[in-house]
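The structure file input-v4.pdb is reproduced below (PDB, C-alpha atoms).
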```
ATOM      1  CA  MET A   1      55.120   7.780  25.948
ATOM      2  CA  THR A   2      52.775   7.524  28.941
ATOM      3  CA  PRO A   3      54.696   7.956  32.223
ATOM      4  CA  PHE A   4      54.737   5.063  34.657
ATOM      5  CA  THR A   5      54.625   6.003  38.330
ATOM      6  CA  ARG A   6      52.246   3.755  40.253
ATOM      7  CA  LEU A   7      49.982   0.927  39.128
ATOM      8  CA  THR A   8      47.350  -1.050  41.023
ATOM      9  CA  GLY A   9      45.884  -3.945  39.095
ATOM     10  CA  ILE A  10      44.790  -7.563  38.823
ATOM     11  CA  VAL A  11      47.594 -10.067  38.326
ATOM     12  CA  ALA A  12      47.409 -12.672  35.537
ATOM     13  CA  PRO A  13      49.742 -15.689  35.921
ATOM     14  CA  LEU A  14      51.413 -17.185  32.859
ATOM     15  CA  ASP A  15      53.274 -20.044  34.488
ATOM     16  CA  ARG A  16      55.511 -21.040  31.574
ATOM     17  CA  VAL A  17      59.252 -20.638  31.030
ATOM     18  CA  ASN A  18      61.092 -19.560  27.867
ATOM     19  CA  VAL A  19      58.077 -17.799  26.352
ATOM     20  CA  ASP A  20      59.483 -16.480  23.081
ATOM     21  CA  THR A  21      58.419 -13.487  21.014
ATOM     22  CA  ASP A  22      56.761 -15.684  18.375
ATOM     23  CA  GLN A  23      54.474 -17.011  21.100
ATOM     24  CA  ILE A  24      53.832 -13.483  22.362
ATOM     25  CA  ILE A  25      52.911 -12.229  18.877
ATOM     26  CA  PRO A  26      53.131 -14.764  15.995
ATOM     27  CA  LYS A  27      54.943 -13.618  12.865
ATOM     28  CA  GLN A  28      51.871 -13.682  10.587
ATOM     29  CA  PHE A  29      50.464 -10.672  12.438
ATOM     30  CA  LEU A  30      53.494  -8.425  11.922
ATOM     31  CA  LYS A  31      51.833  -6.477   9.123
ATOM     32  CA  ALA A  32      51.873  -2.960  10.559
ATOM     33  CA  ILE A  33      54.492  -0.540  11.819
ATOM     34  CA  THR A  34      52.149   1.375  14.093
ATOM     35  CA  ARG A  35      51.884   0.210  17.672
ATOM     36  CA  GLU A  36      48.127  -0.185  17.919
ATOM     37  CA  GLY A  37      46.007  -3.262  17.312
ATOM     38  CA  PHE A  38      48.410  -6.034  18.303
ATOM     39  CA  GLY A  39      46.776  -6.774  21.668
ATOM     40  CA  ARG A  40      44.072  -8.973  20.147
ATOM     41  CA  PHE A  41      46.801 -11.256  18.789
ATOM     42  CA  LEU A  42      48.766 -11.524  22.055
ATOM     43  CA  PHE A  43      49.545 -15.211  22.733
ATOM     44  CA  ASN A  44      47.317 -15.950  19.733
ATOM     45  CA  ASP A  45      48.236 -19.632  19.366
ATOM     46  CA  TRP A  46      47.379 -20.300  23.013
ATOM     47  CA  ARG A  47      44.365 -17.988  23.286
ATOM     48  CA  TYR A  48      42.393 -19.315  20.329
ATOM     49  CA  ILE A  49      41.274 -22.655  18.961
ATOM     50  CA  GLU A  50      40.859 -23.055  15.213
ATOM     51  CA  GLY A  51      42.065 -19.518  14.732
ATOM     52  CA  GLU A  52      39.318 -17.531  16.440
ATOM     53  CA  LYS A  53      37.484 -19.515  19.129
ATOM     54  CA  PRO A  54      38.712 -18.566  22.654
ATOM     55  CA  ASN A  55      40.519 -21.432  24.358
ATOM     56  CA  PRO A  56      38.809 -21.820  27.771
ATOM     57  CA  ASP A  57      41.896 -23.470  29.214
ATOM     58  CA  PHE A  58      44.191 -20.517  28.531
ATOM     59  CA  VAL A  59      44.706 -18.308  31.539
ATOM     60  CA  LEU A  60      43.888 -14.957  29.898
ATOM     61  CA  ASN A  61      40.489 -16.281  28.808
ATOM     62  CA  GLN A  62      39.426 -17.089  32.361
ATOM     63  CA  PRO A  63      36.902 -14.572  33.806
ATOM     64  CA  ARG A  64      38.894 -14.054  37.025
ATOM     65  CA  TYR A  65      41.794 -12.534  35.085
ATOM     66  CA  GLN A  66      39.802 -10.155  32.862
ATOM     67  CA  GLY A  67      41.129  -6.601  33.056
ATOM     68  CA  ALA A  68      44.512  -7.698  34.397
ATOM     69  CA  SER A  69      47.280  -5.127  34.030
ATOM     70  CA  ILE A  70      50.150  -7.013  35.709
ATOM     71  CA  LEU A  71      51.543 -10.128  34.019
ATOM     72  CA  LEU A  72      53.296 -12.711  36.170
ATOM     73  CA  ALA A  73      55.626 -14.793  34.018
ATOM     74  CA  GLY A  74      58.303 -17.480  34.139
ATOM     75  CA  THR A  75      62.032 -17.478  33.523
ATOM     76  CA  ASN A  76      63.516 -16.055  30.308
ATOM     77  CA  PHE A  77      60.355 -14.276  29.217
ATOM     78  CA  GLY A  78      60.551 -12.627  25.780
ATOM     79  CA  CYS A  79      63.336 -14.774  24.310
ATOM     80  CA  GLY A  80      63.636 -15.465  20.574
ATOM     81  CA  SER A  81      63.643 -12.769  17.942
ATOM     82  CA  SER A  82      64.141  -9.063  18.638
ATOM     83  CA  ARG A  83      60.739  -7.986  17.238
ATOM     84  CA  GLU A  84      59.503  -4.854  18.988
ATOM     85  CA  HIS A  85      55.950  -5.924  18.173
ATOM     86  CA  ALA A  86      56.136  -8.206  21.227
ATOM     87  CA  PRO A  87      56.078  -5.410  23.840
ATOM     88  CA  TRP A  88      53.622  -3.519  21.594
ATOM     89  CA  ALA A  89      51.222  -6.484  21.889
ATOM     90  CA  VAL A  90      51.731  -6.777  25.640
ATOM     91  CA  LEU A  91      51.000  -3.063  26.124
ATOM     92  CA  ASP A  92      48.104  -2.949  23.688
ATOM     93  CA  TYR A  93      46.429  -5.845  25.514
ATOM     94  CA  GLY A  94      46.571  -3.822  28.743
ATOM     95  CA  PHE A  95      49.626  -5.009  30.666
ATOM     96  CA  ARG A  96      51.797  -2.182  31.991
ATOM     97  CA  ALA A  97      54.008  -4.256  34.281
ATOM     98  CA  ILE A  98      55.557  -7.725  34.060
ATOM     99  CA  ILE A  99      57.048  -9.643  36.962
ATOM    100  CA  ALA A 100      59.407 -12.533  36.159
ATOM    101  CA  PRO A 101      62.663 -14.112  37.374
ATOM    102  CA  SER A 102      64.456 -13.130  34.126
ATOM    103  CA  TYR A 103      63.957 -11.778  30.597
ATOM    104  CA  ALA A 104      65.655 -11.871  27.229
ATOM    105  CA  ASP A 105      67.852  -8.759  27.027
ATOM    106  CA  ILE A 106      66.336  -7.102  23.932
ATOM    107  CA  PHE A 107      62.754  -7.675  25.049
ATOM    108  CA  TYR A 108      63.622  -6.274  28.485
ATOM    109  CA  ILE A 109      65.040  -3.060  26.988
ATOM    110  CA  ASN A 110      62.162  -2.724  24.517
ATOM    111  CA  CYS A 111      59.703  -2.818  27.413
ATOM    112  CA  PHE A 112      61.201   0.334  28.908
ATOM    113  CA  LYS A 113      61.157   2.054  25.504
ATOM    114  CA  ASN A 114      57.422   1.392  25.227
ATOM    115  CA  GLY A 115      56.242   2.328  28.717
ATOM    116  CA  ILE A 116      56.162  -1.171  30.279
ATOM    117  CA  LEU A 117      57.897  -1.834  33.589
ATOM    118  CA  PRO A 118      59.600  -5.279  33.561
ATOM    119  CA  ILE A 119      60.377  -6.242  37.164
ATOM    120  CA  THR A 120      62.904  -8.914  38.006
ATOM    121  CA  LEU A 121      62.436 -10.813  41.266
ATOM    122  CA  PRO A 122      64.081 -13.927  42.690
ATOM    123  CA  THR A 123      62.446 -17.183  41.629
ATOM    124  CA  ALA A 124      61.230 -17.932  45.170
ATOM    125  CA  GLN A 125      59.365 -14.602  45.337
ATOM    126  CA  VAL A 126      57.823 -15.111  41.895
ATOM    127  CA  ASP A 127      56.729 -18.628  42.899
ATOM    128  CA  GLU A 128      55.072 -17.184  46.016
ATOM    129  CA  LEU A 129      53.241 -14.613  43.866
ATOM    130  CA  PHE A 130      52.055 -17.432  41.560
ATOM    131  CA  ARG A 131      50.711 -19.290  44.597
ATOM    132  CA  ARG A 132      48.872 -16.267  45.984
ATOM    133  CA  THR A 133      47.493 -15.264  42.586
ATOM    134  CA  GLU A 134      46.110 -18.724  41.842
ATOM    135  CA  GLN A 135      44.615 -19.175  45.323
ATOM    136  CA  ASN A 136      42.914 -15.759  45.488
ATOM    137  CA  PRO A 137      40.548 -14.708  42.656
ATOM    138  CA  GLY A 138      40.908 -11.030  41.815
ATOM    139  CA  TYR A 139      44.367 -10.893  43.387
ATOM    140  CA  GLN A 140      45.770  -7.366  43.080
ATOM    141  CA  LEU A 141      49.148  -5.764  43.593
ATOM    142  CA  THR A 142      50.354  -2.182  43.606
ATOM    143  CA  VAL A 143      53.600  -1.523  41.784
ATOM    144  CA  ASP A 144      55.243   1.750  42.816
ATOM    145  CA  LEU A 145      58.176   2.731  40.634
ATOM    146  CA  GLU A 146      59.178   5.747  42.729
ATOM    147  CA  SER A 147      59.669   3.677  45.873
ATOM    148  CA  GLN A 148      60.549   0.529  43.884
ATOM    149  CA  THR A 149      58.131  -1.588  45.867
ATOM    150  CA  ILE A 150      55.344  -4.103  45.252
ATOM    151  CA  THR A 151      52.569  -4.297  47.848
ATOM    152  CA  GLU A 152      49.666  -6.664  48.195
ATOM    153  CA  GLU A 153      46.224  -5.092  47.882
ATOM    154  CA  THR A 154      44.056  -8.199  48.227
ATOM    155  CA  PRO A 155      43.542  -9.309  51.833
ATOM    156  CA  VAL A 156      44.704 -12.915  52.074
ATOM    157  CA  PRO A 157      45.663 -15.183  54.967
ATOM    158  CA  GLY A 158      49.228 -14.346  55.876
ATOM    159  CA  GLY A 159      48.933 -11.246  53.676
ATOM    160  CA  GLY A 160      50.594  -7.866  53.848
ATOM    161  CA  LEU A 161      53.247  -8.935  51.381
ATOM    162  CA  LYS A 162      55.676  -6.151  50.462
ATOM    163  CA  LEU A 163      58.588  -6.661  48.091
ATOM    164  CA  SER A 164      61.297  -4.356  46.767
ATOM    165  CA  PHE A 165      62.897  -4.481  43.357
ATOM    166  CA  GLU A 166      65.917  -3.000  41.598
ATOM    167  CA  VAL A 167      65.829  -1.060  38.350
ATOM    168  CA  ASP A 168      68.462   0.837  36.383
ATOM    169  CA  PRO A 169      68.330   4.506  37.527
ATOM    170  CA  PHE A 170      68.389   5.892  33.970
ATOM    171  CA  ARG A 171      65.560   3.626  32.758
ATOM    172  CA  ARG A 172      63.606   4.349  35.948
ATOM    173  CA  GLU A 173      63.862   8.101  35.309
ATOM    174  CA  CYS A 174      62.762   7.703  31.684
ATOM    175  CA  LEU A 175      59.691   5.685  32.685
ATOM    176  CA  LEU A 176      58.751   8.126  35.444
ATOM    177  CA  LYS A 177      59.001  11.059  33.015
ATOM    178  CA  GLY A 178      57.509   9.234  30.020
ATOM    179  CA  TRP A 179      60.615   9.664  27.892
ATOM    180  CA  ASP A 180      61.231   7.317  24.993
ATOM    181  CA  GLU A 181      64.210   7.910  22.651
ATOM    182  CA  ILE A 182      62.330  10.612  20.725
ATOM    183  CA  GLY A 183      61.335  12.306  23.950
ATOM    184  CA  LEU A 184      64.919  12.252  25.152
ATOM    185  CA  THR A 185      66.091  13.896  21.918
ATOM    186  CA  LEU A 186      63.398  16.586  22.073
ATOM    187  CA  ARG A 187      64.715  17.650  25.481
ATOM    188  CA  PHE A 188      67.616  19.156  23.572
ATOM    189  CA  GLY A 189      65.436  20.845  20.954
ATOM    190  CA  ASP A 190      66.769  24.351  21.721
ATOM    191  CA  ARG A 191      70.387  23.228  21.419
ATOM    192  CA  ILE A 192      69.643  21.387  18.162
ATOM    193  CA  ALA A 193      67.981  24.521  16.751
ATOM    194  CA  ASP A 194      70.969  26.652  17.859
ATOM    195  CA  PHE A 195      73.338  24.236  16.115
ATOM    196  CA  GLU A 196      71.326  24.332  12.913
ATOM    197  CA  ARG A 197      71.252  28.155  12.928
ATOM    198  CA  ALA A 198      74.983  28.343  13.648
ATOM    199  CA  ASN A 199      75.769  25.997  10.742
ATOM    200  CA  GLN A 200      73.325  27.470   8.233
ATOM    201  CA  PRO A 201      76.060  29.530   6.459
ATOM    202  CA  ASN A 202      78.052  26.337   5.751
ATOM    203  CA  ALA A 203      74.939  24.582   4.461
ATOM    204  CA  THR A 204      74.320  27.483   2.042
ATOM    205  CA  ARG A 205      77.951  27.663   0.902
ATOM    206  CA  TYR A 206      78.347  23.942   0.128
ATOM    207  CA  GLY A 207      74.759  23.258  -0.997
ATOM    208  CA  SER A 208      73.065  19.903  -0.850
ATOM    209  CA  LEU A 209      74.511  16.720  -2.328
ATOM    210  CA  GLU A 210      71.781  16.798  -4.943
ATOM    211  CA  THR A 211      72.553  20.340  -6.198
ATOM    212  CA  SER A 212      76.350  19.874  -6.054
ATOM    213  CA  GLY A 213      76.152  16.852  -8.346
ATOM    214  CA  GLN A 214      77.632  14.321  -5.876
TER     215      GLN A 214
END
```
Produce structure tokens that represent the structure in this file.
Amino acid sequence: MTPFTRLTGIVAPLDRVNVDTDQIIPKQFLKAITREGFGRFLFNDWRYIEGEKPNPDFVLNQPRYQGASILLAGTNFGCGSSREHAPWAVLDYGFRAIIAPSYADIFYINCFKNGILPITLPTAQVDELFRRTEQNPGYQLTVDLESQTITEETPVPGGGLKLSFEVDPFRRECLLKGWDEIGLTLRFGDRIADFERANQPNATRYGSLETSGQ
């Protein structure tokens, strides 16, 4: 997993509440178990008209938000089913951080497991970010996980915004080091190998289930 330390990027505002995982990545596209290729279907039903024509009214199709890497979202983002394809699609599209007042629990955890930083801020702060993003084309923020801060990069009237956020220390460490669950297990590779060597005599004595007829 790619470590997350510091990100500077354009902010894209998705000012809707209760965005569920079927809106993030509709079920008809869940045809692969690899993580690549889902970005082109992100928010498919809102992004396209008649299946493939870009909807000019949808925020991600607007030129000012092209190349955005920070998604600004509404309350309860990622609700619905537990499909892990949802954060896969978000990441594959290019978003590495999400800022919202709240998330569905499973989606929130899956973000960390896939290298996305989901930041929770009070509603008033998120509303202020929506206002600044919509009033200032090319609006950029820097998200710093080490210092747990968000700073404004785009000069705006009354600018210099700096916000702090909380994150679970264990999940913060995993993101900083780029550890998913496989990476965490591999940290103990030497101890696992020692265990297997130490128990090899028992494995030989009892044999496998297949050879012992069980």
Long-range neighbours of region 125-131 of chain A as a PyMOL selection string, 9 Å cut-off, all atoms listed in the file, 3 positions minimum in chain
chain A and resi 12-15+72-74+99-101+120-122+134-136+163
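For the pair CA of Phe38 (chain A) and CA of Gly178 (chain A), the interatomic distance is 21.3 Å.
Our summary of the geometry notes that CA of Tyr139 (chain A) is positioned 11.5 Å from CA of Gln66 (chain A).
Using only C-alpha atoms for every distance, the candidate list A:Gln23, A:Asn18, A:Thr133, A:Gln62 yields A:Asn18 as the residue closest to Asn76 (chain A).
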Just how far from CA of Cys111 (chain A) is CA of Arg96 (chain A), in Å to one decimal?
9.2 Å
Any chance you could resolve the PyMOL selection byres ((chain A and resi 6) around 6) against this file and give the residues as a PyMOL selection string?
chain A and resi 5+7+143-144
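Comparing A:Phe43, A:Ser81, A:Ala32, A:Thr75 by their smallest distance to Ala124 (chain A), the closest is A:Thr75 (using only C-alpha atoms).
Picked by the PyMOL selection byres ((chain A and resi 91) around 10) from the coordinates shown: Arg35, Glu36, Phe38, Gly39, Leu42, Ser69, His85, Ala86, Pro87, Trp88, Ala89, Val90, Asp92, Tyr93, Gly94, Phe95, Arg96, Ala97, Cys111, Asn114, Gly115 and Ile116 of chain A.
Near Glu166 (chain A), within a cut-off of 10 Å and counting only C-alpha atoms, sit the residues A:Ile119, A:Thr120, A:Leu121, A:Leu145, A:Gln148, A:Thr149, A:Arg172, with same-chain residues fewer than 5 positions away left out.
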Could you write those residues out with C-alpha atoms, as a compact mmCIF listing (two decimals), in the frame of the given file?
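That gives us result.txt:
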```txt
# COMPACT_ATOMS: atom_id res chain seq x y z
CA ILE A 119 60.38 -6.24 37.16
CA THR A 120 62.90 -8.91 38.01
CA LEU A 121 62.44 -10.81 41.27
CA LEU A 145 58.18 2.73 40.63
CA GLN A 148 60.55 0.53 43.88
CA THR A 149 58.13 -1.59 45.87
CA ARG A 172 63.61 4.35 35.95
```
Closest to Glu146 (chain A) among A:Lys113, A:Arg16, A:Lys177, A:Lys53, using all atoms listed in the file?
A:Lys177
Pick from A:Phe195, A:Trp179, A:Trp46, A:Phe170: nearest to Val59 (chain A), with all atoms listed in the file counted?
A:Trp46
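Of the listed residues (A:Ser102, A:Asn110, A:Asn55, A:Gln28), A:Asn110 comes nearest to Leu175 (chain A); the distances count only C-alpha atoms.
Checking A:Phe107, A:Lys162, A:Pro54, A:Arg191 one by one against Asp20 (chain A), counting only C-alpha atoms, you find the shortest gap at A:Phe107.
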Excluding Gly138 (chain A) and its own-chain neighbours fewer than 5 positions away, which residues fall within 8 Å of it when counting only C-alpha atoms? Please give them as a PDB file with C-alpha atoms, in the coordinates of the input.
```pdb
ATOM      1  CA  ILE A  10      44.790  -7.563  38.823  1.00  0.00           C
ATOM      2  CA  VAL A  11      47.594 -10.067  38.326  1.00  0.00           C
ATOM      3  CA  ARG A  64      38.894 -14.054  37.025  1.00  0.00           C
ATOM      4  CA  TYR A  65      41.794 -12.534  35.085  1.00  0.00           C
ATOM      5  CA  THR A 133      47.493 -15.264  42.586  1.00  0.00           C
ATOM      6  CA  THR A 154      44.056  -8.199  48.227  1.00  0.00           C
TER       7      THR A 154
END
```
Take the point (69.2, -15.0, 23.1) in the file's coordinates, draw a sphere of radius 8 Å around it, and report as an NGL selection string every protein, DNA or RNA residue with an atom inside or on it, counting only C-alpha atoms.
:A and (79-81 or 104-105)
Let me have the centre and edge lengths of the axis-aligned box enclosing all listed atoms of region 118-123 of chain A with 3 Å padding on every side, in Å to one decimal, as lines of an AutoDock Vina configuration file.
```
center_x = 61.8
center_y = -11.2
center_z = 38.1
size_x = 10.5
size_y = 17.9
size_z = 15.1
```
Add whatever atoms are absent from region 71-85 of chain A to reach N, CA, C and O atoms, and provide the output as a short mmCIF file (atom, residue, chain, number, x, y, z; two decimals), in the coordinates of the input.
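And here's part.cif as it stands now:
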```cif
data_model
loop_
_atom_site.label_atom_id
_atom_site.label_comp_id
_atom_site.auth_asym_id
_atom_site.auth_seq_id
_atom_site.Cartn_x
_atom_site.Cartn_y
_atom_site.Cartn_z
N LEU A 71 51.31 -8.76 34.50
CA LEU A 71 51.54 -10.13 34.02
C LEU A 71 52.64 -10.77 34.85
O LEU A 71 53.74 -10.22 34.99
N LEU A 72 52.33 -11.93 35.40
CA LEU A 72 53.30 -12.71 36.17
C LEU A 72 53.79 -13.83 35.27
O LEU A 72 52.99 -14.61 34.75
N ALA A 73 55.10 -13.88 35.04
CA ALA A 73 55.63 -14.79 34.02
C ALA A 73 56.80 -15.61 34.56
O ALA A 73 57.31 -15.35 35.65
N GLY A 74 57.20 -16.60 33.75
CA GLY A 74 58.30 -17.48 34.14
C GLY A 74 59.64 -16.99 33.63
O GLY A 74 59.78 -15.93 33.01
N THR A 75 60.65 -17.81 33.86
CA THR A 75 62.03 -17.48 33.52
C THR A 75 62.24 -17.27 32.02
O THR A 75 61.62 -17.95 31.21
N ASN A 76 63.09 -16.32 31.69
CA ASN A 76 63.52 -16.06 30.31
C ASN A 76 62.35 -15.60 29.44
O ASN A 76 62.23 -16.00 28.27
N PHE A 77 61.50 -14.76 29.98
CA PHE A 77 60.36 -14.28 29.22
C PHE A 77 60.82 -13.34 28.10
O PHE A 77 61.68 -12.49 28.30
N GLY A 78 60.23 -13.51 26.90
CA GLY A 78 60.55 -12.63 25.78
C GLY A 78 61.78 -13.04 24.99
O GLY A 78 62.37 -12.21 24.29
N CYS A 79 62.17 -14.32 25.08
CA CYS A 79 63.34 -14.77 24.31
C CYS A 79 62.95 -14.92 22.83
O CYS A 79 61.81 -14.69 22.44
N GLY A 80 63.91 -15.30 22.01
CA GLY A 80 63.64 -15.46 20.57
C GLY A 80 64.08 -14.26 19.78
O GLY A 80 65.13 -13.69 20.03
N SER A 81 63.25 -13.86 18.83
CA SER A 81 63.64 -12.77 17.94
C SER A 81 63.54 -11.43 18.67
O SER A 81 62.97 -11.33 19.75
N SER A 82 64.08 -10.39 18.02
CA SER A 82 64.14 -9.06 18.64
C SER A 82 62.93 -8.21 18.30
O SER A 82 62.93 -7.02 18.58
N ARG A 83 61.88 -8.78 17.72
CA ARG A 83 60.74 -7.99 17.24
C ARG A 83 60.15 -7.09 18.34
O ARG A 83 59.80 -7.55 19.42
N GLU A 84 60.06 -5.80 18.03
CA GLU A 84 59.50 -4.85 18.99
C GLU A 84 57.99 -4.98 19.08
O GLU A 84 57.36 -4.45 20.00
N HIS A 85 57.39 -5.71 18.12
CA HIS A 85 55.95 -5.92 18.17
C HIS A 85 55.55 -6.68 19.45
O HIS A 85 54.40 -6.60 19.88
#
```
